file protein.pdb (PDB, C-alpha atoms)
ATOM      1  CA  MET A   1      -5.908 -33.878 -23.493  1.00  0.00           C
ATOM      2  CA  HIS A   2      -2.400 -34.612 -22.208  1.00  0.00           C
ATOM      3  CA  LEU A   3      -0.282 -36.932 -24.435  1.00  0.00           C
ATOM      4  CA  SER A   4       2.255 -39.371 -23.050  1.00  0.00           C
ATOM      5  CA  VAL A   5       5.935 -39.078 -24.018  1.00  0.00           C
ATOM      6  CA  SER A   6       5.579 -42.053 -26.341  1.00  0.00           C
ATOM      7  CA  GLN A   7       2.502 -40.577 -28.056  1.00  0.00           C
ATOM      8  CA  ARG A   8       4.246 -37.220 -28.534  1.00  0.00           C
ATOM      9  CA  PHE A   9       7.293 -39.010 -30.019  1.00  0.00           C
ATOM     10  CA  TRP A  10       5.402 -41.184 -32.517  1.00  0.00           C
ATOM     11  CA  ALA A  11       3.241 -38.227 -33.579  1.00  0.00           C
ATOM     12  CA  LYS A  12       6.404 -36.722 -35.102  1.00  0.00           C
ATOM     13  CA  VAL A  13       7.318 -39.846 -37.104  1.00  0.00           C
ATOM     14  CA  GLU A  14       6.242 -40.458 -40.698  1.00  0.00           C
ATOM     15  CA  LYS A  15       6.433 -44.185 -41.380  1.00  0.00           C
ATOM     16  CA  GLY A  16       7.547 -45.507 -44.742  1.00  0.00           C
ATOM     17  CA  LYS A  17      10.611 -47.533 -45.701  1.00  0.00           C
ATOM     18  CA  CYS A  18      12.514 -45.241 -43.346  1.00  0.00           C
ATOM     19  CA  TRP A  19      10.661 -43.784 -40.407  1.00  0.00           C
ATOM     20  CA  GLU A  20      11.314 -40.083 -41.017  1.00  0.00           C
ATOM     21  CA  TRP A  21      11.550 -37.747 -38.045  1.00  0.00           C
ATOM     22  CA  ARG A  22       9.422 -34.638 -38.693  1.00  0.00           C
ATOM     23  CA  GLY A  23      10.269 -32.748 -35.497  1.00  0.00           C
ATOM     24  CA  ALA A  24      13.244 -30.564 -34.631  1.00  0.00           C
ATOM     25  CA  ARG A  25      16.645 -31.520 -36.009  1.00  0.00           C
ATOM     26  CA  SER A  26      20.271 -30.841 -35.297  1.00  0.00           C
ATOM     27  CA  ARG A  27      22.825 -31.600 -38.057  1.00  0.00           C
ATOM     28  CA  GLY A  28      20.230 -33.862 -39.680  1.00  0.00           C
ATOM     29  CA  TYR A  29      19.523 -35.928 -36.544  1.00  0.00           C
ATOM     30  CA  GLY A  30      16.104 -35.677 -34.908  1.00  0.00           C
ATOM     31  CA  CYS A  31      15.890 -34.033 -31.468  1.00  0.00           C
ATOM     32  CA  PHE A  32      13.153 -34.830 -28.961  1.00  0.00           C
ATOM     33  CA  ASN A  33      12.352 -33.492 -25.493  1.00  0.00           C
ATOM     34  CA  ASP A  34      11.205 -36.433 -23.377  1.00  0.00           C
ATOM     35  CA  GLY A  35      10.090 -34.154 -20.548  1.00  0.00           C
ATOM     36  CA  ASP A  36      13.367 -34.190 -18.573  1.00  0.00           C
ATOM     37  CA  ARG A  37      15.949 -33.545 -21.270  1.00  0.00           C
ATOM     38  CA  THR A  38      16.479 -33.243 -25.006  1.00  0.00           C
ATOM     39  CA  VAL A  39      17.539 -36.549 -26.550  1.00  0.00           C
ATOM     40  CA  ILE A  40      18.516 -37.718 -30.016  1.00  0.00           C
ATOM     41  CA  ALA A  41      15.369 -39.149 -31.598  1.00  0.00           C
ATOM     42  CA  HIS A  42      16.887 -42.299 -33.099  1.00  0.00           C
ATOM     43  CA  ARG A  43      18.490 -43.197 -29.748  1.00  0.00           C
ATOM     44  CA  TRP A  44      15.134 -42.750 -27.968  1.00  0.00           C
ATOM     45  CA  SER A  45      13.394 -44.920 -30.583  1.00  0.00           C
ATOM     46  CA  TYR A  46      16.037 -47.677 -30.319  1.00  0.00           C
ATOM     47  CA  GLU A  47      15.975 -47.727 -26.519  1.00  0.00           C
ATOM     48  CA  ALA A  48      12.168 -47.763 -26.478  1.00  0.00           C
ATOM     49  CA  ALA A  49      12.073 -50.738 -28.877  1.00  0.00           C
ATOM     50  CA  ARG A  50      15.162 -52.769 -27.973  1.00  0.00           C
ATOM     51  CA  GLY A  51      16.529 -51.577 -24.641  1.00  0.00           C
ATOM     52  CA  PRO A  52      19.495 -49.500 -23.487  1.00  0.00           C
ATOM     53  CA  ILE A  53      22.600 -48.806 -25.557  1.00  0.00           C
ATOM     54  CA  PRO A  54      25.748 -50.001 -23.729  1.00  0.00           C
ATOM     55  CA  PRO A  55      28.145 -47.261 -22.588  1.00  0.00           C
ATOM     56  CA  GLY A  56      30.908 -46.447 -25.067  1.00  0.00           C
ATOM     57  CA  LEU A  57      28.897 -47.676 -28.053  1.00  0.00           C
ATOM     58  CA  THR A  58      26.845 -45.756 -30.590  1.00  0.00           C
ATOM     59  CA  LEU A  59      24.139 -46.382 -33.176  1.00  0.00           C
ATOM     60  CA  ASP A  60      24.856 -46.711 -36.878  1.00  0.00           C
ATOM     61  CA  HIS A  61      22.157 -45.862 -39.422  1.00  0.00           C
ATOM     62  CA  LEU A  62      22.319 -48.791 -41.834  1.00  0.00           C
ATOM     63  CA  CYS A  63      20.076 -46.830 -44.230  1.00  0.00           C
ATOM     64  CA  ARG A  64      22.480 -43.815 -44.110  1.00  0.00           C
ATOM     65  CA  ASN A  65      19.491 -41.532 -43.375  1.00  0.00           C
ATOM     66  CA  ARG A  66      20.191 -39.393 -40.286  1.00  0.00           C
ATOM     67  CA  SER A  67      16.537 -38.523 -39.751  1.00  0.00           C
ATOM     68  CA  CYS A  68      15.419 -42.186 -39.718  1.00  0.00           C
ATOM     69  CA  VAL A  69      14.190 -43.485 -36.340  1.00  0.00           C
ATOM     70  CA  ASN A  70      13.311 -47.034 -37.462  1.00  0.00           C
ATOM     71  CA  PRO A  71      14.954 -49.395 -34.923  1.00  0.00           C
ATOM     72  CA  ALA A  72      15.370 -52.021 -37.682  1.00  0.00           C
ATOM     73  CA  HIS A  73      17.670 -49.565 -39.498  1.00  0.00           C
ATOM     74  CA  LEU A  74      19.885 -49.018 -36.443  1.00  0.00           C
ATOM     75  CA  GLU A  75      22.765 -51.156 -35.221  1.00  0.00           C
ATOM     76  CA  ILE A  76      24.926 -50.845 -32.109  1.00  0.00           C
ATOM     77  CA  VAL A  77      28.605 -50.415 -33.068  1.00  0.00           C
ATOM     78  CA  THR A  78      31.773 -48.802 -31.761  1.00  0.00           C
ATOM     79  CA  ARG A  79      32.482 -45.180 -32.674  1.00  0.00           C
ATOM     80  CA  LYS A  80      35.387 -46.318 -34.874  1.00  0.00           C
ATOM     81  CA  GLU A  81      33.209 -48.790 -36.776  1.00  0.00           C
ATOM     82  CA  ASN A  82      30.537 -46.129 -37.281  1.00  0.00           C
ATOM     83  CA  VAL A  83      33.074 -43.667 -38.720  1.00  0.00           C
ATOM     84  CA  LEU A  84      34.654 -46.284 -41.008  1.00  0.00           C
ATOM     85  CA  ARG A  85      31.229 -47.294 -42.367  1.00  0.00           C
ATOM     86  CA  GLY A  86      30.474 -43.676 -43.276  1.00  0.00           C
ATOM     87  CA  VAL A  87      31.360 -41.595 -46.307  1.00  0.00           C
ATOM     88  CA  GLY A  88      33.653 -39.018 -44.668  1.00  0.00           C
ATOM     89  CA  VAL A  89      37.354 -38.399 -45.257  1.00  0.00           C
ATOM     90  CA  THR A  90      38.417 -40.949 -42.629  1.00  0.00           C
ATOM     91  CA  ALA A  91      36.307 -43.694 -44.199  1.00  0.00           C
ATOM     92  CA  ARG A  92      37.524 -42.861 -47.722  1.00  0.00           C
ATOM     93  CA  ASN A  93      41.180 -42.936 -46.638  1.00  0.00           C
ATOM     94  CA  ALA A  94      40.744 -46.173 -44.687  1.00  0.00           C
ATOM     95  CA  SER A  95      39.248 -47.883 -47.736  1.00  0.00           C
ATOM     96  CA  LYS A  96      42.223 -47.054 -49.966  1.00  0.00           C
ATOM     97  CA  VAL A  97      44.326 -50.069 -50.917  1.00  0.00           C
ATOM     98  CA  ALA A  98      47.208 -48.129 -52.519  1.00  0.00           C
ATOM     99  CA  CYS A  99      48.987 -44.793 -52.172  1.00  0.00           C
ATOM    100  CA  VAL A 100      48.610 -42.000 -54.738  1.00  0.00           C
ATOM    101  CA  HIS A 101      51.546 -43.463 -56.715  1.00  0.00           C
ATOM    102  CA  GLY A 102      49.973 -46.917 -56.919  1.00  0.00           C
ATOM    103  CA  HIS A 103      52.079 -48.746 -54.304  1.00  0.00           C
ATOM    104  CA  GLY A 104      49.914 -51.169 -52.349  1.00  0.00           C
ATOM    105  CA  PHE A 105      49.283 -50.670 -48.642  1.00  0.00           C
ATOM    106  CA  THR A 106      50.674 -54.063 -47.681  1.00  0.00           C
ATOM    107  CA  GLU A 107      52.113 -54.876 -44.268  1.00  0.00           C
ATOM    108  CA  GLU A 108      55.706 -54.782 -45.526  1.00  0.00           C
ATOM    109  CA  ASN A 109      55.179 -51.533 -47.492  1.00  0.00           C
ATOM    110  CA  THR A 110      53.218 -49.559 -44.887  1.00  0.00           C
ATOM    111  CA  TYR A 111      54.542 -47.478 -42.028  1.00  0.00           C
ATOM    112  CA  HIS A 112      51.994 -46.359 -39.395  1.00  0.00           C
ATOM    113  CA  TRP A 113      52.625 -42.950 -37.854  1.00  0.00           C
ATOM    114  CA  HIS A 114      50.145 -41.027 -35.681  1.00  0.00           C
ATOM    115  CA  GLY A 115      47.192 -42.907 -37.140  1.00  0.00           C
ATOM    116  CA  LYS A 116      48.278 -42.388 -40.739  1.00  0.00           C
ATOM    117  CA  ARG A 117      49.516 -44.911 -43.263  1.00  0.00           C
ATOM    118  CA  ILE A 118      52.730 -43.936 -45.027  1.00  0.00           C
ATOM    119  CA  CYS A 119      53.971 -45.781 -48.099  1.00  0.00           C
ATOM    120  CA  LYS A 120      57.535 -46.990 -47.523  1.00  0.00           C
ATOM    121  CA  ALA A 121      58.266 -47.102 -51.280  1.00  0.00           C
ATOM    122  CA  CYS A 122      57.300 -43.423 -51.662  1.00  0.00           C
ATOM    123  CA  LEU A 123      59.344 -42.570 -48.571  1.00  0.00           C
ATOM    124  CA  ARG A 124      62.408 -44.269 -50.102  1.00  0.00           C
ATOM    125  CA  ASP A 125      61.870 -42.447 -53.416  1.00  0.00           C
ATOM    126  CA  ARG A 126      61.598 -39.088 -51.614  1.00  0.00           C
ATOM    127  CA  ASP A 127      64.771 -39.779 -49.630  1.00  0.00           C
ATOM    128  CA  ARG A 128      66.675 -40.761 -52.793  1.00  0.00           C
ATOM    129  CA  ALA A 129      65.561 -37.578 -54.554  1.00  0.00           C
ATOM    130  CA  ARG A 130      66.501 -35.460 -51.525  1.00  0.00           C
ATOM    131  CA  ARG A 131      69.977 -37.048 -51.348  1.00  0.00           C
ATOM    132  CA  ALA A 132      70.510 -36.587 -55.095  1.00  0.00           C
ATOM    133  CA  ALA A 133      69.475 -32.926 -54.885  1.00  0.00           C
ATOM    134  CA  SER A 134      71.790 -32.285 -51.943  1.00  0.00           C
ATOM    135  CA  LYS A 135      74.752 -33.628 -53.938  1.00  0.00           C
ATOM    136  CA  THR A 136      74.189 -31.045 -56.691  1.00  0.00           C
ATOM    137  CA  LYS A 137      74.211 -28.084 -54.278  1.00  0.00           C
ATOM    138  CA  PRO A 138      77.612 -26.627 -53.481  1.00  0.00           C
ATOM    139  CA  HIS A 139      78.831 -27.168 -49.936  1.00  0.00           C
ATOM    140  CA  SER A 140      78.690 -24.051 -47.770  1.00  0.00           C
ATOM    141  CA  ARG A 141      82.500 -23.865 -47.667  1.00  0.00           C
ATOM    142  CA  ASP A 142      82.552 -23.729 -51.495  1.00  0.00           C
ATOM    143  CA  ARG A 143      80.054 -20.877 -51.821  1.00  0.00           C
ATOM    144  CA  THR A 144      81.440 -17.541 -52.970  1.00  0.00           C
ATOM    145  CA  HIS A 145      78.447 -15.409 -51.889  1.00  0.00           C
ATOM    146  CA  CYS A 146      76.157 -15.218 -48.858  1.00  0.00           C
ATOM    147  CA  PRO A 147      72.454 -16.190 -49.225  1.00  0.00           C
ATOM    148  CA  ARG A 148      71.611 -12.505 -49.930  1.00  0.00           C
ATOM    149  CA  GLY A 149      74.218 -12.291 -52.721  1.00  0.00           C
ATOM    150  CA  HIS A 150      77.068 -10.397 -51.028  1.00  0.00           C
ATOM    151  CA  PRO A 151      80.538 -11.751 -51.880  1.00  0.00           C
ATOM    152  CA  TYR A 152      82.573 -13.590 -49.263  1.00  0.00           C
ATOM    153  CA  ALA A 153      85.718 -11.555 -49.966  1.00  0.00           C
ATOM    154  CA  GLY A 154      88.071  -9.117 -48.265  1.00  0.00           C
ATOM    155  CA  ASP A 155      86.632  -7.117 -45.373  1.00  0.00           C
ATOM    156  CA  ASN A 156      83.118  -8.530 -45.900  1.00  0.00           C
ATOM    157  CA  VAL A 157      84.001 -11.862 -44.242  1.00  0.00           C
ATOM    158  CA  ARG A 158      84.069 -12.549 -40.511  1.00  0.00           C
ATOM    159  CA  LEU A 159      85.199 -16.004 -39.383  1.00  0.00           C
ATOM    160  CA  SER A 160      83.938 -17.428 -36.110  1.00  0.00           C
ATOM    161  CA  GLN A 161      84.162 -21.048 -34.938  1.00  0.00           C
ATOM    162  CA  GLY A 162      84.794 -22.291 -38.464  1.00  0.00           C
ATOM    163  CA  LYS A 163      81.845 -20.435 -40.004  1.00  0.00           C
ATOM    164  CA  ARG A 164      81.848 -17.491 -42.386  1.00  0.00           C
ATOM    165  CA  TYR A 165      79.588 -14.521 -41.766  1.00  0.00           C
ATOM    166  CA  CYS A 166      78.736 -11.698 -44.158  1.00  0.00           C
ATOM    167  CA  ARG A 167      79.470  -8.351 -42.468  1.00  0.00           C
ATOM    168  CA  VAL A 168      76.961  -6.458 -44.669  1.00  0.00           C
ATOM    169  CA  CYS A 169      74.151  -8.812 -43.585  1.00  0.00           C
ATOM    170  CA  GLU A 170      75.258  -8.666 -39.924  1.00  0.00           C
ATOM    171  CA  LYS A 171      75.199  -4.839 -39.971  1.00  0.00           C
ATOM    172  CA  ALA A 172      71.733  -4.825 -41.547  1.00  0.00           C
ATOM    173  CA  LYS A 173      70.493  -7.363 -38.988  1.00  0.00           C
ATOM    174  CA  PHE A 174      71.869  -5.278 -36.102  1.00  0.00           C
ATOM    175  CA  LYS A 175      70.338  -2.107 -37.556  1.00  0.00           C
ATOM    176  CA  ARG A 176      66.900  -3.797 -37.730  1.00  0.00           C
ATOM    177  CA  TRP A 177      67.262  -4.998 -34.133  1.00  0.00           C
ATOM    178  CA  TYR A 178      68.492  -1.563 -32.963  1.00  0.00           C
ATOM    179  CA  ASP A 179      65.649   0.300 -34.694  1.00  0.00           C
ATOM    180  CA  LYS A 180      63.109  -2.067 -33.132  1.00  0.00           C
ATOM    181  CA  HIS A 181      64.521  -1.846 -29.585  1.00  0.00           C
ATOM    182  CA  ARG A 182      65.900   1.713 -29.542  1.00  0.00           C
ATOM    183  CA  ARG A 183      62.961   3.205 -27.638  1.00  0.00           C
ATOM    184  CA  THR A 184      62.741   0.442 -24.981  1.00  0.00           C
ATOM    185  CA  VAL A 185      66.325  -0.677 -24.371  1.00  0.00           C
ATOM    186  CA  PHE A 186      68.289   2.533 -24.876  1.00  0.00           C
ATOM    187  CA  ALA A 187      65.792   5.080 -23.531  1.00  0.00           C
ATOM    188  CA  SER A 188      66.969   6.866 -20.422  1.00  0.00           C
TER     189      SER A 188
END
call {"tool": "encode", "arguments": {"input": "protein.pdb", "output": "structure tokens"}}
result
Amino acid sequence: MHLSVSQRFWAKVEKGKCWEWRGARSRGYGCFNDGDRTVIAHRWSYEAARGPIPPGLTLDHLCRNRSCVNPAHLEIVTRKENVLRGVGVTARNASKVACVHGHGFTEENTYHWHGKRICKACLRDRDRARRAASKTKPHSRDRTHCPRGHPYAGDNVRLSQGKRYCRVCEKAKFKRWYDKHRRTVFAS
């Protein structure tokens, strides 16, 4: 006996509160071969019961059960709406009403940058702290030693275009470059 596509589909559904898909699954969603192609089971069920899904839109499981194929548990929404209704990182961040320091995400306190919300109060606090820290560091012209600890004194200093250079560090840098390129550049 040859079963129709619809009979084969409904044979794999266990009806209860949610209509559980008992066939093959991918990432929790039911998969069904309708004869021509493999389709997502809940999409097939919705289209069979209610008609086509408009292009650019998707189905949201209102029951939050990926294996459910009950058309009453499915709603057509945009991809963005589906993600924001979920429980993933994007949905959790979108539902936050304040930053980690407790400043509210209000229109006047929120800066939007590349899809992220940045708290202006925290940004101001960070900038103030950065400026205060930079005032405690000595200016480069007041330093007595290079970053590696060699003194800026006597023959160890080379001046060029208003900058001081440590000769010990320059020699070590050249030696590293020379050792790396000796075989390729200076080979004859």
call {"tool": "residues_around", "arguments": {"input": "protein.pdb", "residues": "Trp44 of chain A", "least_positions_apart": "2", "cutoff": "9 Å", "atoms": "all atoms listed in the file", "output": "PyMOL selection string"}}
result
chain A and resi 9+32+34+39-42+46-49+69
call {"tool": "atom_distance", "arguments": {"input": "protein.pdb", "atom1": "atom CA of Ile53 of chain A", "atom2": "atom CA of Ile76 of chain A"}}
result
7.2 Å
call {"tool": "residues_near_point", "arguments": {"input": "protein.pdb", "point": "(13.7, -36.7, -31.1)", "cutoff": "12 Å", "atoms": "all atoms listed in the file", "output": "MDAnalysis selection string"}}
result
chainID A and resid 5:6 8:13 20:26 28:35 37:46 66:69
call {"tool": "resolve_selection", "arguments": {"input": "protein.pdb", "expression": "the PyMOL selection byres ((chain A and resi 142-151) around 12)", "output": "list in words"}}
result
Lys137, Pro138, His139, Ser140, Arg141, Tyr152, Ala153, Gly154, Asp155, Asn156, Val157, Arg158, Lys163, Arg164, Tyr165, Cys166, Arg167, Val168, Cys169, Glu170 and Ala172 of chain A
call {"tool": "atom_distance", "arguments": {"input": "protein.pdb", "atom1": "atom CA of Cys99 of chain A", "atom2": "atom CA of Cys119 of chain A"}}
result
6.5 Å
call {"tool": "atom_distance", "arguments": {"input": "protein.pdb", "atom1": "atom CA of Asp36 of chain A", "atom2": "atom CA of Gln7 of chain A"}}
result
15.8 Å
call {"tool": "build_atoms", "arguments": {"input": "protein.pdb", "residues": "segment 119-138 of chain A", "atoms": "N, CA and C atoms", "output": "CSV table (one decimal), in the coordinates of the input"}}
result
chain,number,residue,atom,x,y,z
A,119,CYS,N,53.4,-44.8,-47.2
A,119,CYS,CA,54.0,-45.8,-48.1
A,119,CYS,C,55.5,-45.8,-48.0
A,120,LYS,N,56.1,-46.9,-47.7
A,120,LYS,CA,57.5,-47.0,-47.5
A,120,LYS,C,58.2,-46.8,-48.9
A,121,ALA,N,57.6,-47.3,-50.0
A,121,ALA,CA,58.3,-47.1,-51.3
A,121,ALA,C,58.4,-45.6,-51.6
A,122,CYS,N,57.3,-44.9,-51.4
A,122,CYS,CA,57.3,-43.4,-51.7
A,122,CYS,C,58.3,-42.7,-50.8
A,123,LEU,N,58.4,-43.2,-49.5
A,123,LEU,CA,59.3,-42.6,-48.6
A,123,LEU,C,60.8,-42.8,-49.1
A,124,ARG,N,61.1,-44.0,-49.5
A,124,ARG,CA,62.4,-44.3,-50.1
A,124,ARG,C,62.7,-43.4,-51.3
A,125,ASP,N,61.7,-43.3,-52.2
A,125,ASP,CA,61.9,-42.4,-53.4
A,125,ASP,C,62.1,-41.0,-53.0
A,126,ARG,N,61.4,-40.5,-52.1
A,126,ARG,CA,61.6,-39.1,-51.6
A,126,ARG,C,63.0,-38.9,-51.0
A,127,ASP,N,63.4,-39.9,-50.2
A,127,ASP,CA,64.8,-39.8,-49.6
A,127,ASP,C,65.9,-39.8,-50.7
A,128,ARG,N,65.7,-40.7,-51.7
A,128,ARG,CA,66.7,-40.8,-52.8
A,128,ARG,C,66.7,-39.4,-53.5
A,129,ALA,N,65.6,-38.9,-53.8
A,129,ALA,CA,65.6,-37.6,-54.6
A,129,ALA,C,66.2,-36.5,-53.7
A,130,ARG,N,65.9,-36.5,-52.4
A,130,ARG,CA,66.5,-35.5,-51.5
A,130,ARG,C,68.0,-35.6,-51.5
A,131,ARG,N,68.5,-36.8,-51.4
A,131,ARG,CA,70.0,-37.0,-51.3
A,131,ARG,C,70.6,-36.6,-52.7
A,132,ALA,N,70.0,-37.0,-53.8
A,132,ALA,CA,70.5,-36.6,-55.1
A,132,ALA,C,70.5,-35.1,-55.3
A,133,ALA,N,69.5,-34.4,-54.8
A,133,ALA,CA,69.5,-32.9,-54.9
A,133,ALA,C,70.5,-32.3,-54.0
A,134,SER,N,70.8,-32.9,-52.8
A,134,SER,CA,71.8,-32.3,-51.9
A,134,SER,C,73.2,-32.4,-52.5
A,135,LYS,N,73.4,-33.4,-53.3
A,135,LYS,CA,74.8,-33.6,-53.9
A,135,LYS,C,75.0,-32.6,-55.0
A,136,THR,N,74.0,-32.0,-55.6
A,136,THR,CA,74.2,-31.0,-56.7
A,136,THR,C,74.4,-29.6,-56.1
A,137,LYS,N,74.0,-29.4,-54.9
A,137,LYS,CA,74.2,-28.1,-54.3
A,137,LYS,C,75.7,-28.0,-53.8
A,138,PRO,N,76.2,-26.8,-54.0
A,138,PRO,CA,77.6,-26.6,-53.5
A,138,PRO,C,77.6,-26.6,-52.0
